[in-house]
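Let me begin by presenting the structure, written as structure tokens, before commenting on it.
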Amino acid sequence: MDKIKVLVDRMRANSQNVRFNDLRKVCETYFGKPRTAGSHVIFDTKWQGIPNINIQSDNGKAKAYQVRQVLKAIDRLQGG
């Protein structure tokens with residue numbers, strides 16, 4: 001979990017330069033196994049009011065707005 005915490009801290013510092021595989025690892029740690037639909041990787045949240053987390057690779061990088069959505073969902077999951 002320490003490696004994941006480091007990745008999350010890096011994402012908070014800079015959402016523009018995140019590798020897609022790192023974002024996927026973080027999502028799998030917090031939200032469990034994903035389902036896929038084409039190039040999209042979808043994680044189910046366990047609460048109402050926030051849509052599922054949907055990420056996709058952009059030439060090996062994560063899209064910045066998707067990184068911010070994941071961080072917001074992690075904050076909610078942790079009660080923040």
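Identifiers in this document derive from the order of the structure tokens: chains are assigned A, B, ..., residues are numbered from 1 separately in each chain, and ligands are numbered from 1 in order of occurrence.
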Could you pull out the strand (DSSP E or B) residues of range 4-65 of chain A from DSSP and send them as a PyMOL selection string? chain A and resi 19+35-37+40-43+53-58+61-62
Residue contacts of Gln69 in chain A (12 Å, only C-alpha atoms) excluding same-chain residues fewer than 3 positions away, as a tab-separated table (two decimals) with N, CA and C atoms, in the first residue's frame:
chain	number	residue	atom	x	y	z
A	11	MET	N	0.04	11.97	-7.96
A	11	MET	CA	-1.12	12.40	-8.75
A	11	MET	C	-1.69	13.70	-8.21
A	12	ARG	N	-1.71	13.83	-6.89
A	12	ARG	CA	-2.22	15.07	-6.30
A	12	ARG	C	-1.31	16.26	-6.66
A	15	SER	N	-1.52	16.19	-11.88
A	15	SER	CA	-2.46	15.30	-12.56
A	15	SER	C	-2.20	15.23	-14.05
A	23	LEU	N	-2.33	4.75	-12.81
A	23	LEU	CA	-3.70	5.11	-12.44
A	23	LEU	C	-4.54	3.85	-12.28
A	27	CYS	N	-6.59	2.57	-8.95
A	27	CYS	CA	-8.03	2.27	-9.00
A	27	CYS	C	-8.32	0.84	-8.55
A	43	PHE	N	-14.53	1.10	-13.26
A	43	PHE	CA	-14.55	0.65	-11.88
A	43	PHE	C	-15.86	1.09	-11.24
A	45	THR	N	-18.16	2.18	-8.19
A	45	THR	CA	-18.12	2.74	-6.84
A	45	THR	C	-19.27	2.13	-6.06
A	50	ILE	N	-22.26	9.31	-7.45
A	50	ILE	CA	-21.06	9.51	-8.25
A	50	ILE	C	-21.05	8.40	-9.30
A	51	PRO	N	-20.89	8.76	-10.54
A	51	PRO	CA	-20.89	7.72	-11.56
A	51	PRO	C	-19.68	6.80	-11.40
A	52	ASN	N	-19.72	5.70	-12.11
A	52	ASN	CA	-18.58	4.80	-12.10
A	52	ASN	C	-17.33	5.54	-12.57
A	53	ILE	N	-16.19	5.03	-12.17
A	53	ILE	CA	-14.93	5.61	-12.61
A	53	ILE	C	-14.56	4.96	-13.93
A	54	ASN	N	-14.34	5.79	-14.93
A	54	ASN	CA	-14.08	5.34	-16.28
A	54	ASN	C	-12.75	5.94	-16.72
A	55	ILE	N	-11.75	5.08	-16.98
A	55	ILE	CA	-10.45	5.58	-17.40
A	55	ILE	C	-10.07	4.95	-18.73
A	62	ALA	N	-2.47	8.78	-18.59
A	62	ALA	CA	-3.84	8.96	-18.12
A	62	ALA	C	-4.29	10.37	-18.46
A	63	LYS	N	-5.56	10.51	-18.73
A	63	LYS	CA	-6.11	11.84	-18.99
A	63	LYS	C	-6.24	12.58	-17.66
A	64	ALA	N	-5.84	13.84	-17.65
A	64	ALA	CA	-5.78	14.61	-16.40
A	64	ALA	C	-7.13	14.70	-15.71
A	65	TYR	N	-8.21	14.90	-16.47
A	65	TYR	CA	-9.52	15.02	-15.83
A	65	TYR	C	-9.93	13.70	-15.19
A	66	GLN	N	-9.50	12.57	-15.76
A	66	GLN	CA	-9.81	11.28	-15.16
A	66	GLN	C	-9.00	11.06	-13.88
A	72	LYS	N	-10.90	12.49	-6.46
A	72	LYS	CA	-12.13	12.90	-5.79
A	72	LYS	C	-12.86	11.68	-5.21
A	73	ALA	N	-12.91	10.60	-5.97
A	73	ALA	CA	-13.56	9.38	-5.49
A	73	ALA	C	-12.81	8.76	-4.32
A	74	ILE	N	-11.47	8.80	-4.36
A	74	ILE	CA	-10.68	8.28	-3.24
A	74	ILE	C	-10.96	9.12	-1.99
A	75	ASP	N	-11.01	10.43	-2.14
A	75	ASP	CA	-11.32	11.30	-0.99
A	75	ASP	C	-12.68	10.95	-0.40
A	76	ARG	N	-13.65	10.74	-1.24
A	76	ARG	CA	-14.98	10.38	-0.75
A	76	ARG	C	-14.96	9.03	-0.06
Pick out the closest residue to Thr29 in chain A from this set: A:Ile4, A:Ala13, A:Val70, A:Val41. Count only C-alpha atoms.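 Closest candidate: A:Ile4.
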Could you tell me how far CA of Val67 in chain A lies from CA of Gln16 in chain A, in Å and to one decimal?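 Distance between the two atoms: 8.3 Å.
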Find the residue from A:Arg68, A:Val8, A:Lys61, A:Gln56 that sits nearest to Ala37 in chain A; use only C-alpha atoms when measuring. A:Gln56
